[in-house]
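A short worksheet on the structure shown next.
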Amino acid sequence: MEYRYLGRSGLKISTLTMGTMTFGGKGNFAKVGTVGLDEARRLIDLCIDSGINLIDTANRYSDGLSEEMIGEILAGRRKGDVLVASKARMRVGDGPNDSGVSRYHLIRECEKSLKRLRTDVIDIYFMHEWDAMTPLEEMLEALDALVRQGKIRYIGCSNYAGWHVMKSLAVSERDHRQRFVTQQIHYTLEAREAEYELLPIAVDQGLGVLVWSPLAGGLLSGKYRRNQDQPTDTRRFAGWTEPPIRDEERLWTIVDVLIEIADERGVSAAQVALAWLLGRPAVTSLVIGGRNEAQFKDNIAAAHLTLTDEERYRLDTVSAPPLLYPYWHQRATANDRLGPADLVAQMPV
C-alpha cells in the first residue's frame with residue numbers, strides 16, 4: 001500500500017480509504033447497504049491488514065449507527081495506526097439547530113461523534129456540505145477551538161464549490177485559524193467536473209483530495225453494461241440516485257473502454273477506474289466502500305495496478321469533459337504561461 005501526505009500536512013494516509021456508508025443500513029441508507037456488526041468487523045480487519053490506515057464515516061450515516069459500529073470494533077485498537085475521519089453539517093433531527101455549521105451544531109455533533117466512536121479525538125473532521133447561512137468566521141472559530149481542545153486533529157471540507165474553498169482558506173489565513181488540509185469530493189471517469197476548479201485549487205493551495213464514490217455508485221465497476229439487464233442487488237436499483245448521470249450514452253462508451261482495458265490486463269473494470277484516479281493530479285486517496293468482502297478485495301487490488309501511458313490516453317480521450325470558458329480561451333491565447341494548477345483543466349487529450 002502506498003501512503004501519501006495529506007495536502008501540506010505531515011499526515012500520511014493510504015491511497016485507499018475505507019468507506020463505511022454501508023454500515024448499519026438504517027433508514028434511507030439501507031439502499032446503500034446493510035452491513036451488520038460481524039461483517040463490518042471482518043471488513044475492517046481486511047482493510048487494516050491490507051495497509052489501509054484511514055476509515056471514513058459521518059454522523060449522518062445510518063443516523064450515527066455507522067460511527068457506533070466503528071467505535072465498538074476499534075475499541076482498544078486506536079493506539080495503532082488506524083485513523084478515523086467523520087463529518088458534520090447535514091440535518092440530523094427536526095430541530096432548528098439540527099443542521100449547518102454553527103458553533104452550536106458543530107461542537108454538539110463533534111462530541112456526539114466522539115462518544116459513538118469511543119475515542120477522544122477524530123483525526124480528520126470534514127464539513128460535509130456548504131452552509132451559506134453561517135458566517136465562515138463562526139465555523140472556523142469553532143473548528144479551531146475543537147483542534148486546540150484536542151478533539152479533532154485536522155479539518156477538511158466536502159462538496160464545496162471552488163469559491164467556497166478559496167473564501168474559507170482566505171478567512172483562515174486572515175484570522176489565523178485552522179486551515180482546511182483536504183477536500184473530499186466526487187470525481188470519476190464519468191464525472192470530471194472537479195478538474196475545472198476543485199483540483200486546480202488543490203494543486204495551487206496544497207490541499208489533499210479524497211474521492212468519494214470513485215466508481216460512480218458502482219456504475220464503473222463493470223457490473224453495469226451496455227444493452228444488458230442491469231443487476232438488481234445494487235444501490236441504484238434500490239433507488240439511490242447519487243451520482244446523477246446526465247449522458248447515458250457517454251457513460252456506456254466509457255464503460256466499454258474500461259472493460260476493454262480490464263480484459264487486456266486480466267483485472268476488473270473497477271480496478272482500472274480506480275487506478276486511473278490514483279494517477280490524477282492532487283488525488284491523495286480514494287474512499288472505497290462495499291457490501292461484502294469480495295468487493296473490498298477487488299477494490300484494494302487497484303492500489304497495485306499501474307496503467308500505461310497508452311491506457312491512460314484511451315481513458316482520458318473517451319471521458320474528456322468539454323473545455324469551458326475561460327479554459328478554451330486560455331488554451332488559445334495563454335498557453336505559453338500556464339502553470340501546474342492551470343494544466344489540470346488544460347491537460348491535452
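Residue names in the C-alpha cells use chain letters A, B, ... in the order shown, residue numbers from 1 in each chain, and ligand numbers from 1 in the order shown.
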- Run DSSP on the backbone and give me the residues of segment 52-172 of chain A it puts in alpha helix (DSSP H), as a ChimeraX atom specification. /A:65-74,103-117,136-148,162-172
- Residue contacts of Ala302 of chain A (6 Å, only C-alpha atoms) excluding same-chain residues fewer than 2 positions away, as a PyMOL selection string: chain A and resi 271+275+299-300+304-305
Dump as a CSV table (one decimal), in the first residue's frame, selection limited to C-alpha atoms:
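As a result, again_26.csv now contains:
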```
chain,number,residue,atom,x,y,z
A,271,GLN,CA,-9.6,-1.7,-10.7
A,275,ALA,CA,-6.1,3.2,-10.9
A,299,ASN,CA,-11.0,-2.6,-4.9
A,300,ILE,CA,-8.0,-3.0,-2.7
A,304,HIS,CA,-1.1,-2.2,-7.0
A,305,LEU,CA,-2.3,-1.6,-10.6
```
Return as a tab-separated table the residues of segment 185-213 of chain A lying at most 12 Å from segment 126-145 of chain A, together with the closest atom-to-atom pair for each and the distance in Å to one decimal, counting only C-alpha atoms, with rows in chain order and ascending residue number.
```
residue	atom	partner	partner_atom	distance
A:Ile185	CA	A:His128	CA	10.0
A:Val209	CA	A:Phe126	CA	12.0
A:Leu210	CA	A:Phe126	CA	10.9
A:Trp212	CA	A:His128	CA	11.6
```
Please write the residues from the selection above to a file, keeping all heavy atoms, as a PDB file, in the first residue's frame.
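Listing of part32.pdb after writing:
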```pdb
ATOM      1  N   ILE A 185     -14.285  14.990  -2.326  1.00  0.00           N
ATOM      2  CA  ILE A 185     -15.089  15.398  -3.483  1.00  0.00           C
ATOM      3  C   ILE A 185     -15.530  14.179  -4.291  1.00  0.00           C
ATOM      4  O   ILE A 185     -14.986  13.088  -4.152  1.00  0.00           O
ATOM      5  CB  ILE A 185     -14.290  16.344  -4.405  1.00  0.00           C
ATOM      6  CG1 ILE A 185     -13.082  15.608  -5.015  1.00  0.00           C
ATOM      7  CG2 ILE A 185     -13.838  17.591  -3.641  1.00  0.00           C
ATOM      8  CD1 ILE A 185     -12.318  16.413  -6.046  1.00  0.00           C
ATOM      9  N   VAL A 209      -6.795  15.571  -1.542  1.00  0.00           N
ATOM     10  CA  VAL A 209      -8.078  15.241  -2.180  1.00  0.00           C
ATOM     11  C   VAL A 209      -8.435  13.798  -1.874  1.00  0.00           C
ATOM     12  O   VAL A 209      -7.690  12.875  -2.228  1.00  0.00           O
ATOM     13  CB  VAL A 209      -8.028  15.448  -3.709  1.00  0.00           C
ATOM     14  CG1 VAL A 209      -9.307  14.927  -4.360  1.00  0.00           C
ATOM     15  CG2 VAL A 209      -7.825  16.919  -4.052  1.00  0.00           C
ATOM     16  N   LEU A 210      -9.543  13.610  -1.168  1.00  0.00           N
ATOM     17  CA  LEU A 210     -10.156  12.294  -1.024  1.00  0.00           C
ATOM     18  C   LEU A 210     -11.341  12.241  -1.971  1.00  0.00           C
ATOM     19  O   LEU A 210     -12.075  13.232  -2.099  1.00  0.00           O
ATOM     20  CB  LEU A 210     -10.622  12.040   0.408  1.00  0.00           C
ATOM     21  CG  LEU A 210      -9.577  11.478   1.382  1.00  0.00           C
ATOM     22  CD1 LEU A 210      -8.533  12.534   1.716  1.00  0.00           C
ATOM     23  CD2 LEU A 210     -10.244  10.975   2.656  1.00  0.00           C
ATOM     24  N   TRP A 212     -14.896  10.570  -3.008  1.00  0.00           N
ATOM     25  CA  TRP A 212     -15.983   9.696  -2.589  1.00  0.00           C
ATOM     26  C   TRP A 212     -16.695   9.120  -3.806  1.00  0.00           C
ATOM     27  O   TRP A 212     -16.745   9.737  -4.855  1.00  0.00           O
ATOM     28  CB  TRP A 212     -16.968  10.399  -1.648  1.00  0.00           C
ATOM     29  CG  TRP A 212     -17.740  11.590  -2.148  1.00  0.00           C
ATOM     30  CD1 TRP A 212     -17.434  12.901  -1.962  1.00  0.00           C
ATOM     31  CD2 TRP A 212     -18.990  11.587  -2.875  1.00  0.00           C
ATOM     32  NE1 TRP A 212     -18.387  13.716  -2.518  1.00  0.00           N
ATOM     33  CE2 TRP A 212     -19.357  12.934  -3.084  1.00  0.00           C
ATOM     34  CE3 TRP A 212     -19.825  10.579  -3.355  1.00  0.00           C
ATOM     35  CZ2 TRP A 212     -20.524  13.309  -3.765  1.00  0.00           C
ATOM     36  CZ3 TRP A 212     -20.982  10.940  -4.038  1.00  0.00           C
ATOM     37  CH2 TRP A 212     -21.324  12.277  -4.224  1.00  0.00           C
TER      38      TRP A 212
END
```
- Item | Between atom CA of Phe29 of chain A and atom CA of Gly64 of chain A, distance in Å (one decimal) | 11.1 Å
- Residues at most 10 Å from Glu248 of chain A, counting only C-alpha atoms, excluding those fewer than 6 positions away in the same chain, as a PyMOL selection string? chain A and resi 190+226+254
Export all heavy atoms of the chosen residues as an mmCIF file, in the first residue's frame?
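Generated output (result35.cif):
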```
data_model
loop_
_atom_site.group_PDB
_atom_site.id
_atom_site.type_symbol
_atom_site.label_atom_id
_atom_site.label_comp_id
_atom_site.auth_asym_id
_atom_site.auth_seq_id
_atom_site.Cartn_x
_atom_site.Cartn_y
_atom_site.Cartn_z
ATOM 1 N N GLU A 190 -16.418 9.243 -15.210
ATOM 2 C CA GLU A 190 -17.693 9.715 -15.766
ATOM 3 C C GLU A 190 -17.980 11.155 -15.372
ATOM 4 O O GLU A 190 -18.644 11.886 -16.105
ATOM 5 C CB GLU A 190 -18.823 8.797 -15.270
ATOM 6 C CG GLU A 190 -20.140 8.978 -16.002
ATOM 7 C CD GLU A 190 -20.937 10.180 -15.503
ATOM 8 O OE1 GLU A 190 -20.830 10.493 -14.304
ATOM 9 O OE2 GLU A 190 -21.666 10.798 -16.312
ATOM 10 N N ARG A 226 -23.592 -1.974 -21.337
ATOM 11 C CA ARG A 226 -24.471 -1.504 -22.399
ATOM 12 C C ARG A 226 -25.384 -2.635 -22.893
ATOM 13 O O ARG A 226 -24.950 -3.769 -23.077
ATOM 14 C CB ARG A 226 -23.618 -0.990 -23.558
ATOM 15 C CG ARG A 226 -24.414 -0.358 -24.679
ATOM 16 C CD ARG A 226 -23.546 -0.175 -25.910
ATOM 17 N NE ARG A 226 -22.421 0.710 -25.680
ATOM 18 C CZ ARG A 226 -22.451 2.024 -25.866
ATOM 19 N NH1 ARG A 226 -23.578 2.596 -26.268
ATOM 20 N NH2 ARG A 226 -21.366 2.754 -25.660
ATOM 21 N N ILE A 254 -17.639 5.074 -22.021
ATOM 22 C CA ILE A 254 -16.542 4.987 -21.055
ATOM 23 C C ILE A 254 -16.426 3.565 -20.513
ATOM 24 O O ILE A 254 -15.322 3.015 -20.417
ATOM 25 C CB ILE A 254 -16.765 5.995 -19.909
ATOM 26 C CG1 ILE A 254 -16.645 7.428 -20.426
ATOM 27 C CG2 ILE A 254 -15.770 5.750 -18.769
ATOM 28 C CD1 ILE A 254 -17.097 8.481 -19.427
#
```
- Record the distance separating atom CA of Pro326 of chain A and atom CA of Leu215 of chain A, expressed in Å with one decimal.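 Here the two named atoms are 29.0 Å from each other.
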- Query: Using only C-alpha atoms, which of the listed residues (A:Gln228, A:Asn59, A:Ser319, A:Thr333) sits closest to Arg108 of chain A?
  - Reply: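 Of the candidates, the smallest distance to Arg108 of chain A is held by A:Asn59.
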Per residue of segment 55-170 of chain A within 8 Å of segment 197-204 of chain A, which atom pair is closest and at what distance in Å (one decimal), using only C-alpha atoms, listed by chain and increasing number, as a tab-separated table?
```
residue	atom	partner	partner_atom	distance
A:Ala161	CA	A:Leu198	CA	7.3
A:Gly162	CA	A:Glu197	CA	5.5
A:Met166	CA	A:Ile201	CA	7.8
```
- Could you give me, as JSON, numbers by chain, the residues within 9 Å of Gly289 of chain A, counting only C-alpha atoms and dropping anything in the same chain fewer than 3 positions from it? {"A": [17, 18, 19, 20, 21, 22, 213, 295, 296, 299]}
